[in-house]
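K.L.:
Sharing a structure, written as structure tokens. Questions coming.
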Amino acid sequence: MNLPRNPTRAVRIGSVTIGGGHAIVIQSMCATKTTDVEATVAQTNCLAEAGAGVVRIAVDSRRDAEALAEIRQRTRANLSVDLQENYRLVRDVAPSVDKVRYNPGHLYHHEPQRSWQDKVRFLVDTAGENDCAIRIGVNCGSVDPAKREMFDPADSISPMLHSALEHCELLDSLGFRRYCVSLKDSDPLKVVEVNRRFAAERPDVPLHLGVTEAGMPPEGILKTRIAFEQLLRLGIGDTIRVSLTVPNPRKHEEIEAGRQILADIAAGRLVNLVDFSSGGLNIISCPSCSRVENEAFVDLAQQVKQLTQDLTDKPITIAVMGCRVNGPGETDDADLGLWCGPTFVNLKRGGELIGRFSYDEVLHKLRAELDCLISNRQKAGTVPRDR
Ligand code: SF4
């Protein structure tokens with residue numbers, strides 16, 4: 001099957017180009033501590049050798065930025081940097097990378113007196129001076145609060161879409177055209193909808209596709225495949241990432257999964273629509289990155305999966321997140337959420353914090369909460385009673 005492609009413009013990222021009819025580029029992200037230069041160089045090279053056209057690295061501090069400069073000297077991979085709240089770090093890191101990713105929803109925390117437009121102007125000027133492309137990376141759990149207020153709380157798609165369109169308009173008005181957009185959600189059906197709506201409005205802008213916090217294989221790969229099949233068959237998507245919760249030595253599996261999905265779609269081997277939102281147990285978990293607060297996170301996610309093996313038919317969503325950057329926001333919509341601190345795990349029921357527990361204690365507490373939730377829902381008749 002020849003995949004159609006939207007007429008997006010070409011955007012160069014180091015030695016690769018996305019959009020403009022170029023081959024779809026597979027990306028990944030390092031999960032090592034950025035300050036651990038040896039480990040990050042090794043993981044970057046491992047991902048590049050596996051076929052990653054671009055490798056992303058998180059930077060949150062001056063120390064990370066200094067490490068990145070050293071990493072740049074020791075790898076030929078195309079590098080992207082992931083900025084969060086501290087957008088000013090772009091000045092320190094842009095000389096070392098080929099692309100800068102910023103999240104519109106994170107431009108509100110630092111210097112609240114400075115407008116987001118001014119901050120984006122600063123990012124654009126710095127990227128331009130350093131030959132960097134930009135990704136406007138919108139994420140379901142950290143959408144611009146002003147955009148959220150404009151829409152019905154039940155509509156999580158429109159705020160993401162409008163945030164991305166608004167940032168595209170600003171970059172266009174600044175004459176900066178070397179950018180792409182991503183619109184990620186942990187629900188593959190929402191990923192499909194928001195990307196379809198964006199592509200209908202801006203078919204010229206290259207799209208980076210991904211299902212955020214897809215979780216552990218094989219479910220994480222299946223969720224991602226569901227979204228990619230529908231979008232890529234419509235010509236939507238110029239670069240992809242399969243986000244998987246796997247230990248560091250298995251990170252290359254993200255690339256292999258991406259390559260397999262692309263090959264299967266091209267050959268017409270499709271799994272077709274599966275609706276996770278109306279199915280059974282759904283565990284979403286982040287792929288971890290340099291920000292992860294405790295390396296026990298991946299084990300914790302796997303233990304949650306084991307702990308819930310008898311609950312796979314229950315329509316419950318559990319979110320397991322690796323750090324405080326995205327953990328608090330991205331667990332809000334789950335029935336039960338866990339986000340990791342250095343020595344404790346925060347356990348939440350929806351948006352409410354139940355408590356902080358040690359890594360040893362938290363699974364026991366989680367199981368008790370799950371049993372209570374199921375029992376309450378059975379009494380309310382929203383979950384069938386066990387036979
Ligand atoms: S939740 Fe934190 S550790 Fe996990 S991928 Fe996101 S930023 Fe990284």
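All residue names refer to the structure tokens as shown: chains lettered A, B, ... in order, residues numbered from 1 in each chain, ligands numbered from 1 in order.
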Please identify all polymer residues within 10 Å of Thr75 in chain A, counting only C-alpha atoms, omitting same-chain residues fewer than 6 positions from it, and present them as an mmCIF file with C-alpha atoms, in the first residue's frame.
P.N.:
data_model
loop_
_atom_site.group_PDB
_atom_site.id
_atom_site.type_symbol
_atom_site.label_atom_id
_atom_site.label_comp_id
_atom_site.auth_asym_id
_atom_site.auth_seq_id
_atom_site.Cartn_x
_atom_site.Cartn_y
_atom_site.Cartn_z
ATOM 1 C CA THR A 40 23.381 9.426 27.828
ATOM 2 C CA VAL A 41 25.932 9.223 25.001
ATOM 3 C CA ALA A 42 25.634 5.416 25.069
ATOM 4 C CA THR A 44 21.797 8.217 22.246
ATOM 5 C CA ASN A 45 24.119 6.144 20.057
ATOM 6 C CA ALA A 48 20.552 6.196 16.587
#
K.L.:
Residues of chain A that have any atom at most 7 Å from an atom of ligand 1: could you tabulate them with the shortest-distance atom pair and the distance in Å to one decimal, using only C-alpha atoms and all ligand atoms, ordered by chain and increasing number, as JSON lines?
P.N.:
{"residue": "A:Cys286", "atom": "CA", "partner": "ligand 1", "partner_atom_place_in_ligand_line": "4 (Fe)", "distance": 4.6}
{"residue": "A:Pro287", "atom": "CA", "partner": "ligand 1", "partner_atom_place_in_ligand_line": "5 (S)", "distance": 5.1}
{"residue": "A:Ser288", "atom": "CA", "partner": "ligand 1", "partner_atom_place_in_ligand_line": "4 (Fe)", "distance": 3.9}
{"residue": "A:Cys289", "atom": "CA", "partner": "ligand 1", "partner_atom_place_in_ligand_line": "8 (Fe)", "distance": 4.0}
{"residue": "A:Ser290", "atom": "CA", "partner": "ligand 1", "partner_atom_place_in_ligand_line": "8 (Fe)", "distance": 6.2}
{"residue": "A:Arg291", "atom": "CA", "partner": "ligand 1", "partner_atom_place_in_ligand_line": "3 (S)", "distance": 4.7}
{"residue": "A:Val292", "atom": "CA", "partner": "ligand 1", "partner_atom_place_in_ligand_line": "3 (S)", "distance": 3.8}
{"residue": "A:Glu293", "atom": "CA", "partner": "ligand 1", "partner_atom_place_in_ligand_line": "3 (S)", "distance": 7.0}
{"residue": "A:Met321", "atom": "CA", "partner": "ligand 1", "partner_atom_place_in_ligand_line": "1 (S)", "distance": 4.8}
{"residue": "A:Gly322", "atom": "CA", "partner": "ligand 1", "partner_atom_place_in_ligand_line": "3 (S)", "distance": 3.9}
{"residue": "A:Cys323", "atom": "CA", "partner": "ligand 1", "partner_atom_place_in_ligand_line": "2 (Fe)", "distance": 4.1}
{"residue": "A:Arg324", "atom": "CA", "partner": "ligand 1", "partner_atom_place_in_ligand_line": "2 (Fe)", "distance": 6.4}
{"residue": "A:Val325", "atom": "CA", "partner": "ligand 1", "partner_atom_place_in_ligand_line": "2 (Fe)", "distance": 5.4}
{"residue": "A:Asn326", "atom": "CA", "partner": "ligand 1", "partner_atom_place_in_ligand_line": "1 (S)", "distance": 4.5}
{"residue": "A:Gly327", "atom": "CA", "partner": "ligand 1", "partner_atom_place_in_ligand_line": "1 (S)", "distance": 5.2}
K.L.:
Residues near range 100-117 of chain A, anyone? I mean within 9 Å using only C-alpha atoms, not counting same-chain ones fewer than 2 positions away, as a count of residues only.
P.N.:
38
K.L.:
Rounded to one decimal place, report the CA of Ala31 in chain A-CA of Asn248 in chain A distance in Å.
P.N.:
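Straight-line distance from CA of Ala31 in chain A to CA of Asn248 in chain A works out to 6.6 Å.
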K.L.:
List the spatial neighbours of Phe344 in chain A as a PyMOL selection string - criterion: any atom at most 10 Å away, only C-alpha atoms, same-chain residues fewer than 3 positions off excluded.
P.N.:
chain A and resi 293-294+339-341+347+355-362
K.L.:
Between A:Ala380, A:Leu231, A:Ile316, A:Ile26, which has the minimum distance to Arg349 in chain A (counting only C-alpha atoms)?
P.N.:
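Among A:Ala380, A:Leu231, A:Ile316, A:Ile26, it is A:Ile316 that comes nearest to Arg349 in chain A.
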K.L.:
Skip Gly280 in chain A itself and residues of its chain fewer than 4 positions away, then list as a CSV table (one decimal) with C-alpha atoms, in the first residue's frame all residues within 12 Å of it, counting only C-alpha atoms.
P.N.:
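The result, written out as out15.csv:
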chain,number,residue,atom,x,y,z
A,274,VAL,CA,-10.0,-1.0,19.3
A,275,ASP,CA,-11.7,1.4,21.7
A,276,PHE,CA,-9.7,1.5,24.9
A,308,THR,CA,-4.0,-6.0,38.5
A,309,GLN,CA,-3.9,-9.1,36.3
A,310,ASP,CA,-7.2,-10.3,37.7
A,311,LEU,CA,-8.9,-7.0,36.9
A,312,THR,CA,-8.3,-6.8,33.2
A,313,ASP,CA,-12.1,-6.8,32.5
A,314,LYS,CA,-12.8,-3.8,34.8
A,315,PRO,CA,-13.2,-0.4,33.1
A,316,ILE,CA,-10.7,1.4,35.3
A,317,THR,CA,-7.8,3.6,34.3
A,318,ILE,CA,-4.6,3.7,36.4
A,383,VAL,CA,-19.6,-2.4,37.1
A,384,PRO,CA,-21.1,-5.9,36.9
K.L.:
Could you check the closest approach to Pro218 in chain A for each of A:Asp187, A:Asp238, A:Glu253, A:Glu193 and tell me which residue wins, using only C-alpha atoms?
P.N.:
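Looking only at the distances to Pro218 in chain A, the closest residue turns out to be A:Glu253.
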K.L.:
Just list as a list in words whatever in range 69-277 of chain A DSSP marks as strand (DSSP E).
P.N.:
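Listing strand (DSSP E) positions across range 69-277 of chain A yields Leu79, Ser80, Val81, Asp82, Lys99, Val100, Arg101, Tyr102, Ala133, Ile134, Arg135, Ile136, Gly137, Val138, Asn139, Tyr179, Cys180, Val181, Ser182, Leu183, Lys184, Leu207, His208, Leu209, Thr239, Ile240 and Arg241 of chain A.
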K.L.:
Pick out the closest residue to Gly258 in chain A from this set: A:Glu229, A:Glu38, A:Glu352, A:Asp185. Count only C-alpha atoms.
P.N.:
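Going through A:Glu229, A:Glu38, A:Glu352, A:Asp185 one by one, the smallest distance to Gly258 in chain A is for A:Glu229.
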K.L.:
As a count of residues only, please: the residues near Ile374 in chain A (cut-off 9 Å, only C-alpha atoms, same-chain neighbours under 3 positions excluded).
P.N.:
10
K.L.:
Restricting the calculation to only C-alpha atoms: of A:Gly21, A:Gly237, A:Gly210, A:Gly128, which residue gets closest to Arg177 in chain A?
P.N.:
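Residue with the minimum atom-to-atom distance to Arg177 in chain A: A:Gly128.
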K.L.:
Rank A:Ala266, A:Ala296, A:Ala334, A:Ile226 by their smallest atom-to-atom distance to Leu281 in chain A, using only C-alpha atoms, and report the top residue only.
P.N.:
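Closest to Leu281 in chain A, using only C-alpha atoms: A:Ala334.
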